[in-house]
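J.: File query_32.cif below, mmCIF, C-alpha atoms:
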data_start
#
loop_
_atom_site.label_atom_id
_atom_site.label_comp_id
_atom_site.auth_asym_id
_atom_site.auth_seq_id
_atom_site.Cartn_x
_atom_site.Cartn_y
_atom_site.Cartn_z
CA LYS A 1 -170.01 11.46 44.85
CA ALA A 2 -166.30 12.27 44.89
CA THR A 3 -165.12 13.83 48.12
CA LEU A 4 -162.96 16.93 48.27
CA LYS A 5 -160.01 14.73 49.21
CA ASP A 6 -160.55 12.56 46.10
CA VAL A 7 -160.61 15.62 43.84
CA GLU A 8 -157.48 17.06 45.43
CA LYS A 9 -155.69 13.76 44.89
CA ALA A 10 -156.68 13.77 41.23
CA LEU A 11 -155.51 17.36 40.81
CA ASP A 12 -152.19 16.58 42.54
CA TYR A 13 -151.70 13.73 40.08
CA TYR A 14 -152.54 16.02 37.13
CA ASN A 15 -150.19 18.75 38.40
CA ASP A 16 -147.35 16.26 38.81
CA ILE A 17 -147.76 14.98 35.24
CA ALA A 18 -148.25 18.47 33.76
CA THR A 19 -145.17 20.01 35.33
CA ARG A 20 -142.97 16.94 34.92
CA GLU A 21 -143.66 16.86 31.20
CA GLY A 22 -142.61 20.48 30.81
CA GLY A 23 -145.98 22.16 31.20
CA SER A 24 -146.88 24.91 33.61
CA ALA A 25 -150.68 24.80 33.72
CA MET A 26 -151.31 23.89 37.33
CA VAL A 27 -154.66 23.82 39.07
CA ASN A 28 -154.89 25.01 42.66
CA PRO A 29 -157.65 23.10 44.45
CA SER A 30 -157.84 25.83 47.09
CA GLU A 31 -159.11 28.26 44.46
CA THR A 32 -162.00 26.06 43.45
CA ASP A 33 -165.16 25.70 45.48
CA PHE A 34 -165.97 22.00 45.55
CA THR A 35 -168.66 22.36 48.18
CA LYS A 36 -171.29 23.67 45.77
CA ALA A 37 -173.09 20.90 43.99
CA PRO A 38 -173.84 21.54 40.30
CA PRO A 39 -177.51 21.83 39.32
CA GLU A 40 -179.06 18.49 38.64
CA THR A 41 -180.01 17.80 35.06
CA LYS A 42 -182.42 15.03 34.31
CA PRO A 43 -181.47 12.92 31.32
CA LYS A 44 -183.93 12.84 28.47
CA PRO A 45 -185.82 9.55 28.32
CA LYS A 46 -184.75 7.32 25.49
CA PRO A 47 -187.49 6.16 23.12
CA LYS A 48 -188.60 2.65 23.87
CA THR A 49 -187.93 0.11 21.18
CA PRO A 50 -190.29 -2.82 20.80
CA PRO A 51 -188.77 -6.15 21.83
CA LYS A 52 -187.60 -8.35 19.02
CA PRO A 53 -189.63 -11.52 18.62
CA LYS A 54 -187.87 -14.68 19.66
CA PRO A 55 -187.25 -17.08 16.77
CA GLU A 56 -189.38 -20.21 16.81
CA PRO A 57 -187.27 -23.27 17.56
CA LYS A 58 -187.00 -25.76 14.71
CA PRO A 59 -188.40 -29.14 15.60
CA ASP A 60 -185.25 -31.04 14.65
CA SER A 61 -182.77 -28.48 16.02
CA LYS A 62 -180.35 -29.63 18.68
CA PRO A 63 -180.10 -27.71 22.00
CA GLU A 64 -177.25 -25.20 22.06
CA SER A 65 -174.12 -26.72 23.52
CA LYS A 66 -172.67 -25.00 26.56
CA PRO A 67 -169.08 -23.76 26.24
CA GLU A 68 -166.42 -25.94 27.77
CA PRO A 69 -165.30 -24.73 31.20
CA LYS A 70 -162.06 -22.78 31.05
CA ASP A 71 -158.89 -24.19 32.52
CA PRO A 72 -158.09 -22.74 35.92
CA GLU A 73 -155.72 -19.79 35.73
CA LYS A 74 -152.09 -20.76 35.66
CA LYS A 75 -149.86 -19.58 38.48
CA GLU A 76 -147.42 -16.85 37.58
CA THR A 77 -143.85 -17.99 37.13
CA ILE A 78 -140.47 -16.29 37.34
CA GLU A 79 -140.55 -15.82 33.57
CA ASP A 80 -143.74 -13.76 33.89
CA TRP A 81 -141.95 -11.40 36.32
CA LYS A 82 -138.76 -10.91 34.31
CA VAL A 83 -137.75 -7.25 33.91
CA ASP A 84 -136.56 -6.04 30.50
CA GLY A 85 -132.79 -5.62 30.67
CA SER A 86 -132.08 -4.96 27.01
CA ASP A 87 -129.35 -2.52 26.01
CA ASN A 88 -130.11 1.04 24.89
CA ASN A 89 -133.34 1.20 26.88
CA VAL A 90 -134.42 4.83 26.48
CA ASP A 91 -136.38 4.97 29.75
CA THR A 92 -133.44 3.60 31.73
CA ASP A 93 -131.00 5.94 29.98
CA ILE A 94 -133.15 8.97 30.86
CA TRP A 95 -133.44 7.81 34.46
CA VAL A 96 -129.67 7.32 34.80
CA HIS A 97 -129.05 10.78 33.36
CA ASP A 98 -131.54 12.32 35.81
CA GLN A 99 -129.84 10.57 38.71
CA LYS A 100 -126.43 11.84 37.65
CA THR A 101 -127.52 15.46 37.27
CA SER A 102 -129.55 15.34 40.49
CA ALA A 103 -126.50 14.37 42.52
CA GLU A 104 -124.15 16.91 40.99
CA ASN A 105 -123.15 19.95 43.00
CA ALA A 106 -124.26 18.48 46.31
CA GLY A 107 -122.94 21.65 47.88
CA GLY A 108 -120.48 20.53 50.50
CA LEU A 109 -119.83 22.52 53.63
CA LYS A 110 -121.63 25.80 54.32
CA SER A 111 -120.42 28.63 56.53
CA LEU A 112 -121.15 28.60 60.26
CA THR A 113 -123.49 30.98 62.02
CA THR A 114 -121.83 33.81 63.90
CA HIS A 115 -122.76 32.19 67.23
CA THR A 116 -121.23 28.82 66.28
CA LYS A 117 -118.15 30.47 64.81
CA ASN A 118 -117.58 32.25 68.11
CA GLN A 119 -117.84 28.91 69.92
CA VAL A 120 -115.21 27.44 67.60
CA LYS A 121 -112.86 30.36 68.24
CA ALA A 122 -113.35 30.08 72.00
CA ASN A 123 -112.89 26.30 72.33
CA LEU A 124 -110.69 25.14 69.45
CA ASP A 125 -107.28 25.86 67.95
CA VAL A 126 -108.24 28.11 65.02
CA VAL A 127 -105.34 28.76 62.64
CA ASP A 128 -107.27 30.71 59.98
CA ASP A 129 -110.72 32.31 60.11
CA SER A 130 -110.39 34.64 57.13
CA GLY A 131 -112.61 32.54 54.84
CA ASP A 132 -116.16 31.22 55.06
CA LEU A 133 -114.92 28.05 56.76
CA PRO A 134 -112.62 28.37 59.79
CA ILE A 135 -109.55 26.14 59.68
CA ILE A 136 -108.75 24.38 62.94
CA LYS A 137 -105.79 22.28 63.99
CA VAL A 138 -106.60 18.82 65.31
CA GLN A 139 -103.84 16.39 66.27
CA GLY A 140 -101.34 18.14 64.03
CA SER A 141 -103.59 18.27 60.93
CA LYS A 142 -105.62 21.13 59.49
CA TRP A 143 -109.39 20.69 59.16
CA GLU A 144 -112.14 22.85 57.69
CA ILE A 145 -115.17 23.10 59.93
CA GLY A 146 -118.59 24.13 58.67
CA LYS A 147 -122.22 23.15 58.47
CA TYR A 148 -124.27 20.77 56.35
CA GLY A 149 -127.99 20.97 56.99
CA ARG A 150 -128.33 21.37 60.72
CA ASN A 151 -125.19 19.36 61.48
CA ILE A 152 -121.64 20.53 62.11
CA ALA A 153 -119.13 18.71 59.92
CA MET A 154 -115.43 18.88 59.20
CA ARG A 155 -112.97 17.59 56.65
CA MET A 156 -109.20 17.46 56.38
CA VAL A 157 -107.71 20.24 54.25
CA ASP A 158 -105.06 18.04 52.60
CA LYS A 159 -107.39 15.02 52.22
CA PRO A 160 -111.00 16.24 51.83
CA GLU A 161 -112.18 12.63 51.50
CA VAL A 162 -111.36 12.32 55.21
CA SER A 163 -114.48 13.89 56.68
CA VAL A 164 -117.05 13.37 59.38
CA MET A 165 -120.49 14.66 60.29
CA ILE A 166 -120.91 15.48 63.98
CA PRO A 167 -124.26 14.62 65.63
CA HIS A 168 -126.64 17.52 66.12
CA ARG A 169 -126.22 19.47 69.37
CA THR A 170 -122.85 17.90 70.20
CA PRO A 171 -120.87 20.46 72.28
CA LEU A 172 -117.94 21.82 70.28
CA THR A 173 -115.31 20.99 72.88
CA LYS A 174 -111.73 20.03 72.08
CA ALA A 175 -112.33 16.51 73.41
CA ASN A 176 -115.36 15.99 71.14
CA ILE A 177 -113.61 17.37 68.07
CA ASP A 178 -110.58 15.13 68.74
CA PHE A 179 -112.91 12.14 69.08
CA TYR A 180 -114.70 12.71 65.77
CA ALA A 181 -111.49 13.52 63.92
CA GLU A 182 -110.11 10.16 65.06
CA LYS A 183 -113.31 8.43 63.87
CA ALA A 184 -112.93 10.07 60.45
CA LEU A 185 -109.36 8.80 60.19
CA GLN A 186 -110.40 5.27 61.17
CA TYR A 187 -113.25 5.21 58.66
CA HIS A 188 -110.93 6.41 55.92
CA LYS A 189 -108.30 3.82 56.80
CA SER A 190 -110.92 1.11 56.51
CA GLU A 191 -112.16 2.45 53.17
CA VAL A 192 -108.63 2.47 51.72
CA ALA A 193 -108.36 -1.18 52.74
CA ASP A 194 -111.76 -1.85 51.18
CA GLU A 195 -110.61 -0.43 47.86
CA ALA A 196 -107.58 -2.73 47.90
CA GLY A 197 -109.88 -5.70 48.35
CA MET A 198 -112.47 -4.74 45.76
CA GLY A 199 -110.58 -6.52 43.01
CA LYS A 200 -111.85 -9.75 44.52
CA GLY A 201 -115.33 -8.44 43.81
CA PHE A 202 -118.39 -8.16 45.96
CA GLU A 203 -121.54 -8.90 43.98
CA ILE A 204 -125.16 -9.09 44.97
CA ALA A 205 -126.10 -11.71 42.37
CA GLY A 206 -124.78 -14.06 39.72
CA ASN A 207 -127.00 -15.53 37.00
CA GLU A 208 -129.78 -16.60 39.36
CA PRO A 209 -133.07 -14.64 39.44
CA MET A 210 -132.96 -11.68 41.83
CA ALA A 211 -136.17 -9.95 42.90
CA CYS A 212 -136.22 -6.18 43.42
CA VAL A 213 -138.53 -5.18 46.28
CA THR A 214 -139.21 -1.78 47.85
CA LEU A 215 -140.61 -1.02 51.30
CA ALA A 216 -141.61 2.64 51.43
CA ASP A 217 -143.43 5.32 53.37
CA MET A 218 -145.53 6.72 50.54
CA SER A 219 -147.53 8.96 52.89
CA ASP A 220 -144.52 11.24 53.41
CA GLU A 221 -143.59 13.62 50.60
CA LEU A 222 -139.82 13.20 50.97
CA THR A 223 -139.65 9.42 51.27
CA GLY A 224 -142.60 8.84 48.93
CA ARG A 225 -141.21 11.01 46.15
CA THR A 226 -137.74 9.51 46.63
CA ALA A 227 -139.20 6.01 46.26
CA LYS A 228 -141.16 7.05 43.16
CA ASP A 229 -138.19 8.78 41.54
CA SER A 230 -136.01 5.72 42.27
CA GLU A 231 -138.18 3.21 40.40
CA GLY A 232 -135.79 3.27 37.45
CA LEU A 233 -133.23 1.39 39.54
CA THR A 234 -135.03 -1.88 38.74
CA GLY A 235 -134.51 -1.38 35.00
CA LEU A 236 -130.85 -0.52 35.52
CA MET A 237 -130.36 -3.58 37.71
CA ALA A 238 -131.94 -5.70 34.95
CA GLN A 239 -129.14 -4.64 32.60
CA ARG A 240 -126.63 -6.15 35.04
CA TYR A 241 -128.48 -9.04 36.67
CA ASN A 242 -131.32 -11.49 36.03
CA VAL A 243 -133.94 -9.28 37.67
CA VAL A 244 -137.57 -10.14 38.34
CA GLN A 245 -140.28 -8.09 40.00
CA ALA A 246 -143.47 -9.76 41.16
CA PRO A 247 -146.78 -7.88 41.35
CA GLY A 248 -146.99 -6.08 44.67
CA GLY A 249 -143.22 -5.69 44.87
CA ASN A 250 -143.47 -1.95 45.60
CA ILE A 251 -144.85 -2.15 49.13
CA ASP A 252 -146.43 0.88 50.78
CA ALA A 253 -146.03 0.19 54.48
CA SER A 254 -147.59 3.51 55.53
CA LYS A 255 -151.22 2.51 54.96
CA ARG A 256 -153.42 2.64 58.03
CA GLY A 257 -153.00 -0.48 60.13
CA ALA A 258 -150.32 -1.94 57.83
CA ASP A 259 -147.77 -4.29 59.38
CA PRO A 260 -144.42 -4.02 57.54
CA VAL A 261 -143.30 -7.38 58.93
CA LYS A 262 -146.40 -9.15 57.63
CA LEU A 263 -146.20 -7.42 54.26
CA LEU A 264 -142.58 -8.47 53.76
CA ARG A 265 -143.23 -12.03 54.93
CA GLU A 266 -146.15 -12.45 52.53
CA HIS A 267 -144.26 -11.08 49.56
CA PHE A 268 -141.10 -13.06 50.30
CA THR A 269 -143.22 -16.20 50.54
CA LYS A 270 -144.71 -15.47 47.13
CA LEU A 271 -141.24 -15.06 45.66
CA THR A 272 -139.71 -18.16 47.23
CA GLU A 273 -142.66 -20.34 46.24
CA ALA A 274 -141.93 -19.36 42.64
CA GLY A 275 -138.26 -20.27 43.06
CA VAL A 276 -136.65 -16.89 43.79
CA ASN A 277 -133.82 -17.15 46.34
CA ASN A 278 -132.15 -13.74 45.99
CA ILE A 279 -133.87 -10.50 47.06
CA TYR A 280 -132.70 -6.87 46.81
CA LEU A 281 -134.70 -4.76 49.27
CA SER A 282 -134.74 -0.95 49.05
CA ILE A 283 -136.12 0.85 52.13
CA TYR A 284 -137.41 4.41 51.73
CA ALA A 285 -138.38 5.55 55.21
CA HIS A 286 -137.47 8.01 57.90
CA GLY A 287 -135.37 6.50 60.65
CA SER A 288 -134.64 6.77 64.33
CA LYS A 289 -131.89 5.04 66.26
CA GLY A 290 -134.14 2.04 66.81
CA ALA A 291 -136.50 1.69 63.85
CA MET A 292 -137.54 2.62 60.31
CA HIS A 293 -140.85 4.48 60.26
CA PHE A 294 -143.72 4.36 57.78
CA GLY A 295 -146.22 6.94 58.98
CA LYS A 296 -147.59 5.47 62.19
CA ASN A 297 -146.15 2.04 61.39
CA LYS A 298 -142.59 0.88 61.89
CA ILE A 299 -140.19 -2.03 61.65
CA THR A 300 -137.22 -2.53 63.95
CA PRO A 301 -133.87 -3.96 62.83
CA SER A 302 -134.42 -7.13 64.86
CA GLN A 303 -137.84 -7.63 63.26
CA LEU A 304 -136.29 -7.23 59.81
CA THR A 305 -133.53 -9.78 60.36
CA ALA A 306 -136.08 -12.12 61.99
CA VAL A 307 -137.99 -12.09 58.70
CA PHE A 308 -134.74 -12.80 56.86
CA ASP A 309 -134.15 -15.75 59.17
CA GLU A 310 -137.55 -17.20 58.20
CA PHE A 311 -136.07 -17.71 54.72
CA PRO A 312 -132.66 -19.30 55.44
CA ASP A 313 -132.03 -20.27 51.81
CA VAL A 314 -132.50 -16.71 50.51
CA LYS A 315 -129.73 -14.15 50.00
CA PHE A 316 -130.83 -10.65 51.08
CA THR A 317 -129.27 -7.29 50.19
CA THR A 318 -130.80 -4.24 51.86
CA ASN A 319 -130.19 -0.59 50.95
CA ALA A 320 -131.76 1.83 53.47
CA ILE A 321 -131.88 5.62 53.11
CA SER A 322 -133.08 6.13 56.70
CA CYS A 323 -131.48 8.64 59.06
CA TYR A 324 -129.29 6.95 61.68
CA GLY A 325 -129.42 3.90 59.41
CA GLY A 326 -132.71 3.14 61.16
CA GLY A 327 -130.64 1.45 63.87
CA LEU A 328 -129.55 -1.25 61.42
CA ALA A 329 -125.83 -0.68 61.88
CA GLU A 330 -125.81 -1.28 65.63
CA HIS A 331 -128.07 -4.31 65.27
CA MET A 332 -126.07 -5.87 62.43
CA GLU A 333 -122.88 -5.50 64.43
CA LYS A 334 -124.32 -8.02 66.90
CA TYR A 335 -126.37 -10.09 64.44
CA GLN A 336 -125.23 -13.64 63.81
CA ASP A 337 -126.68 -15.65 60.96
CA THR A 338 -127.58 -18.86 62.73
CA LYS A 339 -130.10 -19.97 60.08
CA GLY A 340 -128.27 -19.60 56.80
CA LYS A 341 -125.21 -21.51 55.71
CA GLY A 342 -123.43 -19.11 53.36
CA LYS A 343 -121.12 -16.16 53.90
CA GLU A 344 -122.70 -12.79 53.06
CA ARG A 345 -126.25 -14.20 53.04
CA VAL A 346 -127.52 -10.97 54.66
CA SER A 347 -125.87 -7.71 53.57
CA VAL A 348 -127.10 -4.33 54.80
CA PHE A 349 -126.07 -0.96 53.34
CA THR A 350 -126.93 2.12 55.38
CA GLN A 351 -126.32 5.58 53.94
CA ALA A 352 -125.53 7.30 57.24
CA LYS A 353 -123.71 6.32 60.41
CA GLY A 354 -125.86 5.38 63.37
CA ASP A 355 -125.45 8.74 65.10
CA VAL A 356 -126.29 11.18 62.27
CA VAL A 357 -129.05 11.98 59.80
CA ASN A 358 -129.16 11.44 56.05
CA TYR A 359 -130.13 14.08 53.48
CA ALA A 360 -131.99 14.10 50.17
CA LYS A 361 -131.83 16.51 47.24
CA THR A 362 -135.09 17.75 45.75
CA ASN A 363 -134.09 20.35 43.15
CA LYS A 364 -134.60 18.07 40.11
CA LYS A 365 -135.56 14.61 41.30
CA TYR A 366 -135.97 13.40 44.86
CA VAL A 367 -132.76 11.45 45.49
CA THR A 368 -130.13 10.79 48.08
CA VAL A 369 -126.66 11.68 46.84
CA TYR A 370 -125.44 8.17 47.65
CA ASN A 371 -128.21 6.45 45.66
CA ALA A 372 -127.77 8.74 42.68
CA ALA A 373 -124.01 8.16 42.63
CA LEU A 374 -124.52 4.41 43.08
CA ALA A 375 -126.84 4.34 40.05
CA ASN A 376 -124.35 6.30 37.95
CA ASN A 377 -121.57 3.89 38.91
CA LEU A 378 -123.66 0.76 38.27
CA ALA A 379 -124.59 2.13 34.84
CA GLN A 380 -121.02 2.35 33.57
CA GLY A 381 -120.13 -0.32 31.05
CA THR A 382 -123.67 -1.72 31.02
CA GLY A 383 -126.68 -1.22 28.75
CA GLY A 384 -124.44 -0.09 25.88
CA ARG A 385 -122.90 2.75 27.93
CA PRO A 386 -119.19 3.55 27.87
CA GLY A 387 -116.86 2.95 30.79
CA LYS A 388 -115.53 0.04 32.79
CA LYS A 389 -118.15 -2.14 34.38
CA MET A 390 -117.80 -2.13 38.16
CA THR A 391 -118.76 -4.76 40.68
CA TYR A 392 -121.53 -3.75 43.04
CA GLY A 393 -118.91 -3.39 45.76
CA GLU A 394 -116.85 -0.98 43.68
CA ALA A 395 -119.95 1.04 42.77
CA HIS A 396 -120.82 1.32 46.45
CA GLN A 397 -117.31 2.34 47.41
CA LYS A 398 -117.22 5.19 44.90
CA ALA A 399 -120.76 6.28 45.84
CA ASP A 400 -119.72 6.39 49.48
CA ARG A 401 -116.71 8.55 48.63
CA TYR A 402 -118.81 10.87 46.43
CA ALA A 403 -121.46 11.35 49.12
CA LYS A 404 -118.79 12.10 51.72
CA LEU A 405 -117.31 14.84 49.55
CA GLY A 406 -120.68 16.34 48.68
CA GLN A 407 -122.72 16.17 51.86
CA LEU A 408 -120.38 14.47 54.34
CA THR A 409 -122.68 11.54 55.04
CA ASP A 410 -120.81 8.25 55.37
CA ALA A 411 -122.35 5.00 54.18
CA GLU A 412 -121.77 1.79 56.05
CA VAL A 413 -121.95 -1.91 55.21
CA TYR A 414 -122.58 -4.97 57.31
CA THR A 415 -122.57 -8.47 55.94
CA SER A 416 -123.35 -11.65 57.82
CA ARG A 417 -121.17 -14.61 58.68
CA PRO A 418 -122.55 -18.04 59.62
CA ASN A 419 -122.68 -18.33 63.42
CA ALA A 420 -120.33 -15.35 63.83
CA PRO A 421 -120.67 -11.58 64.19
CA SER A 422 -121.16 -9.64 60.97
CA ALA A 423 -118.20 -7.93 59.29
CA HIS A 424 -118.51 -4.16 59.14
CA THR A 425 -116.90 -0.83 58.30
CA ALA A 426 -113.78 0.14 60.26
CA ASP A 427 -113.34 -3.41 61.57
CA LEU A 428 -109.59 -2.92 61.47
CA ASN A 429 -108.78 -5.86 63.72
CA ASP A 430 -109.35 -8.17 60.75
CA MET A 431 -108.19 -6.52 57.53
CA SER A 432 -109.49 -9.46 55.48
CA GLN A 433 -113.02 -8.24 56.19
CA PHE A 434 -112.79 -5.13 53.99
CA GLU A 435 -116.04 -3.47 55.05
CA GLY A 436 -117.54 -6.93 54.84
CA MET A 437 -116.92 -7.17 51.13
CA ALA A 438 -113.72 -9.12 50.56
#
In structure tokens, how does this file's structure come out?

T.:
Amino acid sequence: KATLKDVEKALDYYNDIATREGGSAMVNPSETDFTKAPPETKPKPKPKTPPKPKPEPKPDSKPESKPEPKDPEKKETIEDWKVDGSDNNVDTDIWVHDQKTSAENAGGLKSLTTHTKNQVKANLDVVDDSGDLPIIKVQGSKWEIGKYGRNIAMRMVDKPEVSVMIPHRTPLTKANIDFYAEKALQYHKSEVADEAGMGKGFEIAGNEPMACVTLADMSDELTGRTAKDSEGLTGLMAQRYNVVQAPGGNIDASKRGADPVKLLREHFTKLTEAGVNNIYLSIYAHGSKGAMHFGKNKITPSQLTAVFDEFPDVKFTTNAISCYGGGLAEHMEKYQDTKGKGKERVSVFTQAKGDVVNYAKTNKKYVTVYNAALANNLAQGTGGRPGKKMTYGEAHQKADRYAKLGQLTDAEVYTSRPNAPSAHTADLNDMSQFEGMA
């Protein structure tokens, strides 16, 4: 009684396994006619066996004793949810290697279309257009200008780590280019200050149990595959921290009628009732400037922090891949933690500024360049691997720099303060707040 949709799902699963394991034998459901029912075959009747006679009860035999009722099932504890964090874990090593190779050669800037190049020549101070990328002069400095995805982006020739992605359809006027060049300089200045403060260390957990939770749109190929190919992060985290993962921790918020707020609340309640007070939340969803979307369902930044506020004793770290940061950056800038008591109780990492999109690579594994670089950095010096172990803050900082060089996206961090506005990137009025990490 399987429907065509059921069969196609099964074949998709088979194809994914077959090709991922190195095979090439794929089945195309469109080439198979599932509408024709096979001829019915009636099973041969089995020969009847005569019933065995019941033994006569002995006169002095005692009635059979009924088994003792079983003890009610014990509630799961934190120990039942503990994730294996042993060194030299082959599965984790393979996953880390895949992340590293997936993020390599992110591509960087591509050449402009002829139409856009003509606009640049007409409106901007072009000092060299002999190569694929025109070089323009902005406030006395030379910048390369090109394209990444559908966005225009530019980076400083002498300091390529100083770069910025310009929102889609922004007119290429001198005033706009000056504005975004200044933003790039400010972001870089903040990041240099962040690096100076990283020695103090920003960490997401100590020795206490930390639960890894994902909230994903599994109905979408890009976000769903990215979530699936990122599952190894939990094992890597377990080599650094005391990680637990409760059943149901990989939440698909794209199911019909699902409420992401309710799903998070229920799972967080389950965790806190077991004694977990530190949660690392990964969000794999498309984003707009006001929400993160899971098919036809969504969660807004204010709804997310409202859920966090329902658990004032819990430390939350959120890593969102959403375009525009899902609006989290703008919300966190105004958010004040009036429920919790500790500094940095709510920390939010967005992989793109609030006015631009994020990108994912799909040539090997489905990853964002930032996440892949973050994993590679977190893996150093842990799990028996060589290298100096970094704090989470240092790993983020280097991942941010790597993503900026490769695809010119610029990650951002906001971390809460009790009864005060959150600290955030480029908050240069208070240099002690190094991107919220110091």

J.: List as a ChimeraX atom specification the protein and nucleic acid residues near A:Arg385, meaning an atom at most 10 Å away when all atoms listed in the file are counted, but skip any in the same chain fewer than 4 places from it.

T.: /A:87-88,93,379-381,389

J.: Those residues with C-alpha atoms, as a PDB file, in the frame of the given file please?

T.:
ATOM      1  CA  ASP A  87    -129.350  -2.520  26.010  1.00  0.00           C
ATOM      2  CA  ASN A  88    -130.110   1.040  24.890  1.00  0.00           C
ATOM      3  CA  ASP A  93    -131.000   5.940  29.980  1.00  0.00           C
ATOM      4  CA  ALA A 379    -124.590   2.130  34.840  1.00  0.00           C
ATOM      5  CA  GLN A 380    -121.020   2.350  33.570  1.00  0.00           C
ATOM      6  CA  GLY A 381    -120.130  -0.320  31.050  1.00  0.00           C
ATOM      7  CA  LYS A 389    -118.150  -2.140  34.380  1.00  0.00           C
TER       8      LYS A 389
END

J.: Which value, in Å to one decimal, gives the distance between atom CA of A:Asn118 and atom CA of A:Leu408?

T.: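 Spanning atom CA of A:Asn118 to atom CA of A:Leu408 is a straight-line distance of 22.7 Å.
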
J.: Of the candidates A:Lys228, A:Lys296, A:Arg155, A:Lys388, which one gets nearest to A:Ala184 if we count only C-alpha atoms?

T.: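 Comparing A:Lys228, A:Lys296, A:Arg155, A:Lys388 against A:Ala184, the winner is A:Arg155.
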
J.: For A:Gly232, which residue out of A:Ser130, A:Gly108, A:His331, A:Cys212 is the nearest one, using all atoms listed in the file?

T.: A:Cys212

J.: With distances taken over only C-alpha atoms, which of A:Thr391, A:Thr3, A:Thr92, A:Ser422 is nearest to A:Tyr241?

T.: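 Going through A:Thr391, A:Thr3, A:Thr92, A:Ser422 one by one, the smallest distance to A:Tyr241 is for A:Thr391.
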
J.: Would you translate the PyMOL selection byres ((chain A and resi 124) around 12) into the concrete set of residues it matches in this file, as an MDAnalysis selection string?

T.: chainID A and resid 116:123 125:129 134:139 142:143 145 171:178

J.: Here is a test: counting all atoms listed in the file, which residue of A:Ala372, A:Ala403, A:Leu236, A:Ile251 is nearest to A:Ser86?

T.: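 Closest to A:Ser86 of all the choices is A:Leu236.
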
J.: Apply the PyMOL selection byres ((chain A and resi 253) around 8) to the displayed file and report the matching residues as a PyMOL selection string.

T.: chain A and resi 215-218+251-252+254-255+258-260+263+294+297

J.: Here's the selection I'm unsure about, the PyMOL selection byres ((chain A and resi 302) around 9); applied to the file above, which residues does it give, as a ChimeraX atom specification?

T.: /A:299-301,303-307,328,331-332,335

J.: How many Å lie between atom CA of A:Gln336 and atom CA of A:Thr409, rounded to one decimal?

T.: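 For atom CA of A:Gln336 relative to atom CA of A:Thr409, the distance reads 26.8 Å.
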
J.: Figure out the distance between atom CA of A:Arg150 and atom CA of A:Lys110, please, to one decimal in Å.

T.: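 Going from atom CA of A:Lys110 over to atom CA of A:Arg150, I get 10.3 Å.
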
J.: Any idea what's packed within 7 Å of A:Gly326, counting all atoms listed in the file, ignoring anything in its chain fewer than 3 positions away? Could you give it as a list of chain:residue names?

T.: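 Residues near the query, excluding close chain neighbours: A:Gly287, A:Ser288, A:Lys289, A:Gly290, A:Ala291, A:Met292, A:Ser322, A:Cys323.
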